[in-house]
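Structure file entry.tsv (TSV, C-alpha atoms and all ligand atoms) is printed below.
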```
chain	number	residue	atom	x	y	z
A	1	MET	CA	-18.93	-82.30	-96.76
A	2	SER	CA	-18.28	-85.11	-99.20
A	3	ARG	CA	-15.42	-87.44	-98.48
A	4	LYS	CA	-12.27	-86.99	-100.55
A	5	ARG	CA	-11.60	-89.82	-102.99
A	6	VAL	CA	-8.20	-91.32	-102.24
A	7	ALA	CA	-6.02	-93.80	-104.13
A	8	VAL	CA	-3.41	-95.78	-102.23
A	9	LEU	CA	-0.42	-96.90	-104.30
A	10	ILE	CA	1.35	-100.01	-103.06
A	11	SER	CA	4.00	-102.52	-104.12
A	12	GLY	CA	3.83	-105.07	-101.31
A	13	ARG	CA	2.05	-106.23	-98.19
A	14	GLY	CA	0.05	-103.05	-97.73
A	15	SER	CA	-0.09	-102.70	-93.96
A	16	ASN	CA	-0.18	-98.89	-94.22
A	17	MET	CA	-2.94	-99.22	-96.80
A	18	ALA	CA	-4.82	-101.42	-94.31
A	19	ALA	CA	-4.39	-98.78	-91.60
A	20	LEU	CA	-5.85	-96.16	-93.94
A	21	ILE	CA	-8.76	-98.44	-94.85
A	22	GLU	CA	-9.47	-99.00	-91.14
A	23	ALA	CA	-9.51	-95.26	-90.49
A	24	THR	CA	-11.98	-94.63	-93.31
A	25	LYS	CA	-14.49	-97.03	-91.69
A	26	ASP	CA	-15.37	-94.19	-89.33
A	27	PRO	CA	-18.14	-92.31	-91.18
A	28	SER	CA	-16.82	-89.02	-89.85
A	29	TYR	CA	-13.41	-89.58	-91.46
A	30	PRO	CA	-13.06	-87.03	-94.27
A	31	ALA	CA	-11.69	-89.41	-96.93
A	32	GLU	CA	-12.56	-92.75	-98.51
A	33	ILE	CA	-10.22	-95.20	-100.23
A	34	ALA	CA	-11.73	-95.34	-103.71
A	35	LEU	CA	-8.89	-97.25	-105.36
A	36	VAL	CA	-5.79	-99.29	-104.54
A	37	VAL	CA	-3.19	-99.48	-107.29
A	38	SER	CA	-0.20	-101.81	-107.33
A	39	ASN	CA	2.69	-101.91	-109.76
A	40	VAL	CA	3.34	-105.49	-108.61
A	41	PRO	CA	0.65	-107.92	-109.86
A	42	ASP	CA	0.84	-110.24	-106.84
A	43	ALA	CA	1.23	-107.62	-104.09
A	44	GLY	CA	-0.32	-108.97	-100.89
A	45	GLY	CA	-2.21	-105.75	-100.25
A	46	LEU	CA	-4.42	-106.22	-103.33
A	47	ALA	CA	-6.32	-109.16	-101.84
A	48	MET	CA	-6.84	-107.26	-98.60
A	49	ALA	CA	-8.24	-104.27	-100.49
A	50	GLN	CA	-10.61	-106.51	-102.45
A	51	LYS	CA	-11.79	-108.16	-99.25
A	52	ASN	CA	-12.78	-104.69	-98.10
A	53	GLY	CA	-14.76	-104.11	-101.30
A	54	ILE	CA	-12.29	-101.55	-102.64
A	55	ALA	CA	-11.60	-101.26	-106.37
A	56	THR	CA	-8.08	-102.37	-107.31
A	57	ALA	CA	-5.93	-101.89	-110.37
A	58	VAL	CA	-2.58	-103.33	-111.39
A	59	VAL	CA	-0.33	-101.11	-113.46
A	60	ASP	CA	2.72	-103.34	-113.91
A	61	HIS	CA	5.80	-101.27	-114.65
A	62	LYS	CA	7.65	-104.13	-116.34
A	63	PRO	CA	6.06	-104.02	-119.82
A	64	PHE	CA	6.91	-100.31	-119.98
A	65	GLY	CA	10.64	-100.95	-119.56
A	66	LYS	CA	12.45	-97.66	-119.16
A	67	ASP	CA	9.52	-95.62	-120.45
A	68	ARG	CA	8.48	-94.04	-117.14
A	69	ALA	CA	6.21	-91.54	-118.87
A	70	ALA	CA	4.16	-94.32	-120.46
A	71	PHE	CA	3.90	-96.15	-117.11
A	72	GLU	CA	2.73	-92.97	-115.43
A	73	HIS	CA	0.28	-92.30	-118.24
A	74	ALA	CA	-1.37	-95.65	-117.44
A	75	LEU	CA	-1.31	-94.82	-113.74
A	76	GLN	CA	-2.86	-91.41	-114.35
A	77	ALA	CA	-5.60	-93.01	-116.47
A	78	ALA	CA	-6.54	-95.33	-113.58
A	79	LEU	CA	-6.61	-92.39	-111.16
A	80	GLU	CA	-8.79	-90.34	-113.48
A	81	GLN	CA	-11.13	-93.22	-114.15
A	82	HIS	CA	-11.83	-93.40	-110.42
A	83	ARG	CA	-12.00	-89.59	-109.99
A	84	ILE	CA	-9.17	-89.61	-107.45
A	85	GLU	CA	-8.47	-86.40	-105.55
A	86	ILE	CA	-5.61	-87.42	-103.24
A	87	VAL	CA	-2.88	-90.03	-103.76
A	88	CYS	CA	-1.20	-91.85	-100.85
A	89	LEU	CA	2.04	-93.68	-101.58
A	90	ALA	CA	2.34	-96.56	-99.12
A	91	GLY	CA	5.34	-98.75	-99.77
A	92	PHE	CA	5.16	-97.89	-103.47
A	93	MET	CA	8.63	-98.79	-104.72
A	94	ARG	CA	8.80	-96.81	-107.96
A	95	LEU	CA	10.32	-93.39	-108.40
A	96	LEU	CA	7.92	-90.98	-110.04
A	97	THR	CA	8.96	-88.37	-112.61
A	98	ALA	CA	8.83	-84.67	-111.83
A	99	ASP	CA	6.01	-84.31	-114.40
A	100	PHE	CA	3.78	-86.73	-112.53
A	101	VAL	CA	4.71	-85.35	-109.12
A	102	VAL	CA	4.01	-81.76	-110.13
A	103	ARG	CA	0.64	-82.79	-111.50
A	104	TRP	CA	-0.28	-84.09	-108.04
A	105	GLN	CA	1.46	-81.35	-106.12
A	106	ALA	CA	-0.01	-80.83	-102.63
A	107	ARG	CA	-2.34	-83.77	-103.32
A	108	MET	CA	0.14	-86.65	-102.97
A	109	LEU	CA	1.52	-88.01	-99.69
A	110	ASN	CA	4.24	-90.52	-98.89
A	111	ILE	CA	5.21	-92.37	-95.72
A	112	HIS	CA	8.86	-92.85	-94.98
A	113	PRO	CA	10.21	-95.06	-92.17
A	114	ALA	CA	12.61	-92.52	-90.64
A	115	LEU	CA	12.60	-89.08	-89.09
A	116	LEU	CA	13.16	-87.06	-92.25
A	117	PRO	CA	15.35	-85.35	-93.25
A	118	ALA	CA	17.47	-88.12	-91.66
A	119	PHE	CA	17.87	-91.43	-93.49
A	120	LYS	CA	16.29	-90.80	-96.86
A	121	GLY	CA	16.21	-93.80	-99.19
A	122	LEU	CA	16.24	-97.52	-98.39
A	123	ASP	CA	17.39	-99.63	-95.40
A	124	THR	CA	16.53	-96.88	-92.94
A	125	HIS	CA	16.40	-99.12	-89.85
A	126	LYS	CA	19.77	-100.70	-90.57
A	127	ARG	CA	21.34	-97.31	-91.13
A	128	ALA	CA	19.77	-95.86	-87.99
A	129	LEU	CA	21.21	-98.71	-85.90
A	130	GLU	CA	24.62	-98.31	-87.54
A	131	ALA	CA	24.57	-94.57	-86.86
A	132	GLY	CA	23.75	-95.21	-83.21
A	133	VAL	CA	20.88	-92.72	-83.09
A	134	LYS	CA	18.79	-92.83	-79.93
A	135	GLN	CA	15.60	-91.82	-81.69
A	136	HIS	CA	14.17	-93.04	-84.97
A	137	GLY	CA	10.63	-92.93	-86.32
A	138	ALA	CA	8.37	-92.26	-89.28
A	139	THR	CA	7.34	-89.29	-91.38
A	140	VAL	CA	4.40	-88.49	-93.65
A	141	HIS	CA	5.22	-85.78	-96.16
A	142	PHE	CA	3.91	-84.20	-99.32
A	143	VAL	CA	5.68	-85.61	-102.38
A	144	VAL	CA	7.94	-83.29	-104.34
A	145	PRO	CA	10.23	-84.20	-107.25
A	146	GLU	CA	13.21	-84.76	-104.93
A	147	MET	CA	13.00	-88.20	-103.26
A	148	ASP	CA	11.92	-88.32	-99.58
A	149	ALA	CA	11.74	-84.55	-99.38
A	150	GLY	CA	8.76	-82.21	-99.29
A	151	PRO	CA	6.77	-80.53	-96.53
A	152	ILE	CA	6.27	-82.73	-93.47
A	153	VAL	CA	2.67	-83.34	-92.47
A	154	ALA	CA	3.15	-85.72	-89.53
A	155	GLN	CA	6.10	-87.25	-87.77
A	156	GLU	CA	6.54	-89.39	-84.67
A	157	ALA	CA	9.65	-90.67	-82.94
A	158	VAL	CA	10.37	-93.99	-81.24
A	159	ASP	CA	13.25	-94.69	-78.87
A	160	VAL	CA	15.99	-96.97	-80.12
A	161	ARG	CA	16.48	-99.56	-77.39
A	162	PRO	CA	19.67	-101.36	-76.43
A	163	GLY	CA	19.68	-104.71	-78.20
A	164	ASP	CA	17.32	-103.56	-80.95
A	165	THR	CA	17.64	-105.44	-84.24
A	166	GLU	CA	16.54	-104.19	-87.62
A	167	GLN	CA	13.37	-106.29	-87.16
A	168	SER	CA	12.49	-105.10	-83.67
A	169	LEU	CA	13.08	-101.48	-84.61
A	170	ALA	CA	11.11	-101.84	-87.85
A	171	ALA	CA	8.16	-103.27	-85.93
A	172	ARG	CA	8.12	-100.35	-83.48
A	173	VAL	CA	8.36	-97.84	-86.32
A	174	LEU	CA	5.63	-99.61	-88.30
A	175	ALA	CA	3.20	-99.24	-85.40
A	176	VAL	CA	3.86	-95.50	-85.51
A	177	GLU	CA	3.39	-95.43	-89.30
A	178	HIS	CA	-0.05	-96.98	-88.91
A	179	LYS	CA	-0.96	-94.24	-86.47
A	180	ILE	CA	0.39	-91.15	-88.25
A	181	TYR	CA	-0.64	-91.94	-91.84
A	182	PRO	CA	-4.39	-91.85	-91.11
A	183	LEU	CA	-3.83	-88.69	-89.06
A	184	ALA	CA	-1.91	-86.96	-91.86
A	185	LEU	CA	-4.46	-87.95	-94.51
A	186	LYS	CA	-7.22	-86.56	-92.31
A	187	LEU	CA	-5.49	-83.18	-92.08
A	188	VAL	CA	-4.92	-83.05	-95.84
A	189	ALA	CA	-8.45	-84.21	-96.70
A	190	GLU	CA	-9.87	-81.52	-94.43
A	191	GLY	CA	-7.71	-78.94	-96.17
A	192	ARG	CA	-6.33	-77.90	-92.80
A	193	LEU	CA	-2.76	-77.48	-93.99
A	194	PRO	CA	-1.10	-74.57	-95.70
A	195	ARG	CA	0.02	-75.72	-99.14
A	201	LIG	C1	6.73	-99.06	-94.81
A	201	LIG	O1	7.70	-99.19	-93.83
A	201	LIG	C2	6.81	-97.72	-95.49
A	201	LIG	O2	7.19	-96.71	-94.62
A	201	LIG	C3	7.91	-97.98	-96.49
A	201	LIG	O3	7.65	-99.26	-96.97
A	201	LIG	C4	6.98	-100.02	-95.98
A	201	LIG	C5	5.70	-100.50	-96.59
A	201	LIG	O4	4.99	-101.36	-95.74
A	201	LIG	N1	7.95	-96.93	-97.47
A	201	LIG	P1	3.49	-101.72	-96.04
A	201	LIG	O5	3.43	-102.24	-97.47
A	201	LIG	O6	2.67	-100.50	-95.86
A	201	LIG	O7	3.17	-102.79	-95.05
```
Same coordinates, now as structure tokens:
Amino acid sequence: MSRKRVAVLISGRGSNMAALIEATKDPSYPAEIALVVSNVPDAGGLAMAQKNGIATAVVDHKPFGKDRAAFEHALQAALEQHRIEIVCLAGFMRLLTADFVVRWQARMLNIHPALLPAFKGLDTHKRALEAGVKQHGATVHFVVPEMDAGPIVAQEAVDVRPGDTEQSLAARVLAVEHKIYPLALKLVAEGRLPR
């Protein structure tokens, strides 16, 4: 079976992207990272992708101003040029329109640093500590037009420890993210999930 061609969309350091790249080094892994796209020209993850011989593209949202459709048109062109079959959002800090999301329905994943449906949105670790939850974690889900919603593909919890800070909790959750994203992509690439 040929490996599914995956694009990873990033805006920053790209540690989840790196975890996905690592996973694809196993020849039996059912997907390959064919493209990394960033909307931020100097995102740290771009250099790491290039070092791994992966094609990169920058689609800067700034010149498009409020014209989200035009930005997404450019994004879509890059994905088509590289014959992408599955999109993985990994710290990609732009909201996508329903049009774009529907086009990639059941073929686009996101990772969120919380146990969805709890703590959608930003600052999840700070809010989890403020809420006093005993368990926190990370979720990989299919992307639907509503933000941080959509069918859950993989999820793993971590204990919140007494004395945890935003940083210590984030680090523990990030380790889980790096584990469950490759697992979730594998399931999707193998077509082992009901859609
Ligand atoms: C991760 O915590 C991810 O869950 C969130 O943004 C962060 C991105 O980190 N959406 P990285 O760029 O993958 O290192």
Output as CSV one row per residue of chain A within 6 Å of ligand LIG 201 (chain A): the closest atom pair and its distance in Å to one decimal place, counting all atoms listed in the file, sorted by chain and residue number ascending.
```
residue,atom,partner,partner_atom,distance
A:Gly12,CA,A:LIG201,O5,4.8
A:Arg13,CA,A:LIG201,O5,4.3
A:Gly14,CA,A:LIG201,O5,3.5
A:Ser15,CA,A:LIG201,O7,3.4
A:Asn16,CA,A:LIG201,O6,3.7
A:Met17,CA,A:LIG201,O6,5.8
A:Ala90,CA,A:LIG201,O6,5.1
A:Gly91,CA,A:LIG201,C5,3.6
A:Ile111,CA,A:LIG201,O2,4.9
A:His112,CA,A:LIG201,O2,4.2
A:Pro113,CA,A:LIG201,O2,4.2
A:Leu174,CA,A:LIG201,O1,5.9
```
Could you pull the residues within 7 Å of Leu89 of chain A, counting all atoms listed in the file, minus those fewer than 2 positions along the same chain, as a list in words? Val8, Leu9, Ile10, Val87, Gly91, Phe92, Leu109, Asn110 and Ile111 of chain A
What's around Glu72 of chain A at 10 Å? Count all atoms listed in the file, leave out sequence neighbours fewer than 5 positions away in its own chain, and write the answer as a CSV table (one decimal) with C-alpha atoms, in the frame of the given file.
```csv
chain,number,residue,atom,x,y,z
A,59,VAL,CA,-0.3,-101.1,-113.5
A,61,HIS,CA,5.8,-101.3,-114.6
A,64,PHE,CA,6.9,-100.3,-120.0
A,67,ASP,CA,9.5,-95.6,-120.4
A,77,ALA,CA,-5.6,-93.0,-116.5
A,78,ALA,CA,-6.5,-95.3,-113.6
A,96,LEU,CA,7.9,-91.0,-110.0
A,97,THR,CA,9.0,-88.4,-112.6
A,99,ASP,CA,6.0,-84.3,-114.4
A,100,PHE,CA,3.8,-86.7,-112.5
```
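Here atom CA of His125 of chain A and atom CA of Ile33 of chain A stand 28.8 Å from one another.
Going from atom CA of Arg172 of chain A over to atom CA of Ala49 of chain A, you cover 23.9 Å.
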Exercise: Val173 of chain A partners within 7 Å, all atoms listed in the file, chain neighbours under 5 positions left out, as a ChimeraX atom specification: /A:113,137-138,158
